Amino acid sequence: MFTPGLLDDADSTHAEAAREMVVTGDYVTLHVNGVRYLEKAPLAYWLVAFTYKILGVNEFSTRLPMVLSVMLLGVLAFCWGQRAFGERTGIYAALLVYTCAGVYLFTRVLIPEVLLSLLIAAAMYFFLTALEPQAAAWRWYAAYAMMALGVLTKGLIALAFPCGAAFFFLVVTGEWRRWREFRLVSGLALFLAVAAPWHVLAGLRNPGTAEHHGFFWFYFVNEHFLRFLGKRYPRDYNKLPPMLYWSLHLVWLFPWSLYLPAAVRTAVETWRGLRAGSEADYRSAPRQSDFASRTRLLCWIWAGWVLIFFAISTNQEYYTFPAYLPLLLLLADGIAQCERMECAEGVRAGWLKTSAGLLAVIGIVASAMLAVGLWQSRTRPFEPDIGGLLSQQDTNAYTLSTSHMLDLSYASFAALRLPAALAAVVLLVAPLASFILRLWRRHYAATWALAAGLAVFLVAAHIALGRFGPYLSSKDLAREIAARARPEDQVMIYGDQAFGSSLLFYLRRPIDLVEGRTTSMWFGSTFADAPKIYLSDADLQRDWAGSGRVFLFVPPHQKTRVDGLLAAKFTVAEVSGKYVYSNRP
């Protein structure tokens with residue numbers, strides 16, 4: 001929660017939006033660099049702003065709401081898994097949430113996906129429990145409230161996902177006939193009471209004109225429907241082919257995704273059990289089945305709906321985060337069910353042992369690759385600035401959140417010896433120990449051994465992330481500027497603000513953008529009252545030759561262009577290929 005510094009792009013941009021909320025007192029219209037930032041719903045920013053008011057503006061406060069969201073997602077997984085499948089499955093479900101790769105990867109940056117996933121999952125849990133006999137009416141209202149908070153977190157998908165999953169579930173089970181019990185009118189009233197006020201206020205405070213689109217067009221049409229169709233302006237998102245996009249979840253849910261055969265086997269056994277009765281019993285079985293069967297059905301429908309939705313839409317890797325909890329619940333259920341069956345039947349070879357064996361092989365190979373990298377880099381000196389060791393690409397082309405993995409080079413092992421060595425040991429020992437324990441039919445210990453090893457692996461991953469801090473964040477450069485800049489001096493970023501957005505958070509002053517009226521800074525710049533921070537190359541050259549002092553941040557891929565524009569310049573600082581120039585010594 002304390003390290004590393006806030007990263008450039010989304011991480012510090014979203015933190016700055018929350019900080020400017022506190023500074024301006026405007027909790028309706030988000031601002032970044034003084035410019036209206038209308039792309040996002042406000043709840044995540046409200047939570048961060050609240051922690052700033054209580055704990056001050058720092059990295060810990062920025063990450064606290066997200067950390068609590070991860071913790072609560074695991075608690076919900078435990079409660080749901082325990083209620084549906086028993087205590088062991090509940091424990092496994094929480095372990096899977098806390099140790100799978102995707103949950104770690106996509107909570108290193110301040111994005112609202114984990115909060116959205118928590119609220120959608122809570123809505124689905126309250127929906128399913130509300131269908132139970134003699135369930136209290138408040139569960140329906142809790143589901144509507146969770147959906148409303150989800151809409152305030154990420155927009156209309158927080159309505160589309162739970163409503164779509166619930167619709168298909170009700171159709172399959174035939175429980176749509178109970179629609180009078182769903183508190184539709186009063187539930188809708190509660191939903192609107194929670195979700196509507198901010199949208200109405202944002203529309204009133206950011207109206208459109210004859211020459212200018214307002215909030216409603218930009219937020220609902222451009223950011224929702226046109227984004228879904230891949231026609232959003234400005235375009236800054238990719239779309240992966242469906243099969244590749246789906247198959248990547250083997251990575252995001254790794255290593256537990258390799259236990260998918262156990263989840264499928266449990267689903268098949270459940271289906272066969274339902275079909276074992278008469279045809280009449282079969283038709284009514286979904287309505288009469290226990291909470292476990294209903295949970296399995298809902299989770300398959302829920303996860304499938306999210307995966308299909310984003311296979312059609314434009315997508316980022318983390319967009320399907322709301323599908324993680326149902327998939328992890330199914331995996332936890334599959335592991336626990338197969339453990340019981342294999343122990344009861346004395347099975348010597350089964351899906352659990354096969355999956356554990358495959359994991360052991362992957363762990364051995366990955367450990368060997370890390371060992372080779374460490375051995376080959378043994379004579380290289382330690383370099384504290386890992387950015388100088390990376391094979392840097394054109395970061396202007398990075399639109400996927402994990403694109404920076406392309407920068408990893410062979411030489412970078414010299415700066416990653418400790419985390420790489422720790423990861424190599426864990427990848428060798430933990431999967432292999434888990435496999436041996438499964439051979440001995442000590443399945444509970446085997447699952448815990450793998451989870452414990454992954455916890456240590458995540459420690460290694462965090463150490464490595466800290467080593468990448470200077471490369472991914474401009475905090476060090478902000479410190480160099482702050483030590484020299486006076487209030488009347490100009491600070492500029494060349495190109496898109498995203499490449500140096502952490503300067504905003506750490507300097508806490510307006511920054512001019514040279515040729516930077518792009519991506520998230522575009523729409524706010526079209527308002528008549530937008531600050532005059534957008535400069536051209538000619539403006540830069542004029543100010544550079546003026547009497548005032550100018551500090552210019554230059555990302556690596558823009559250095560050649562800037563060097564051609566500015567003949568006389570002084571280097572203030574350089575970190576990981578990022579430069580700060582000044583027109584004065």
# chains A, B, ... in the order shown; residues from 1 in each chain; ligands from 1

$ residues_around --residues "range 226-232 of chain A" --least-positions-apart "4" --cutoff "9 Å" --atoms "only C-alpha atoms" --output "ChimeraX atom specification"
/A:220-222,236-239,310,312-315

$ atom_distance --atom1 "CA of Ala460 in chain A" --atom2 "CA of Pro419 in chain A"
4.5 Å

$ closest_residue --among "A:Val35, A:Ala262, A:Leu358, A:Met71" --to "Pro531 in chain A" --atoms "only C-alpha atoms"
A:Val35

$ closest_residue --among "A:Arg584, A:His213, A:His443, A:Arg486" --to "Gly546 in chain A" --atoms "only C-alpha atoms"
A:Arg584

$ residues_around --residues "Ala445 in chain A" --least-positions-apart "2" --cutoff "12 Å" --atoms "only C-alpha atoms" --output "count of residues only"
21
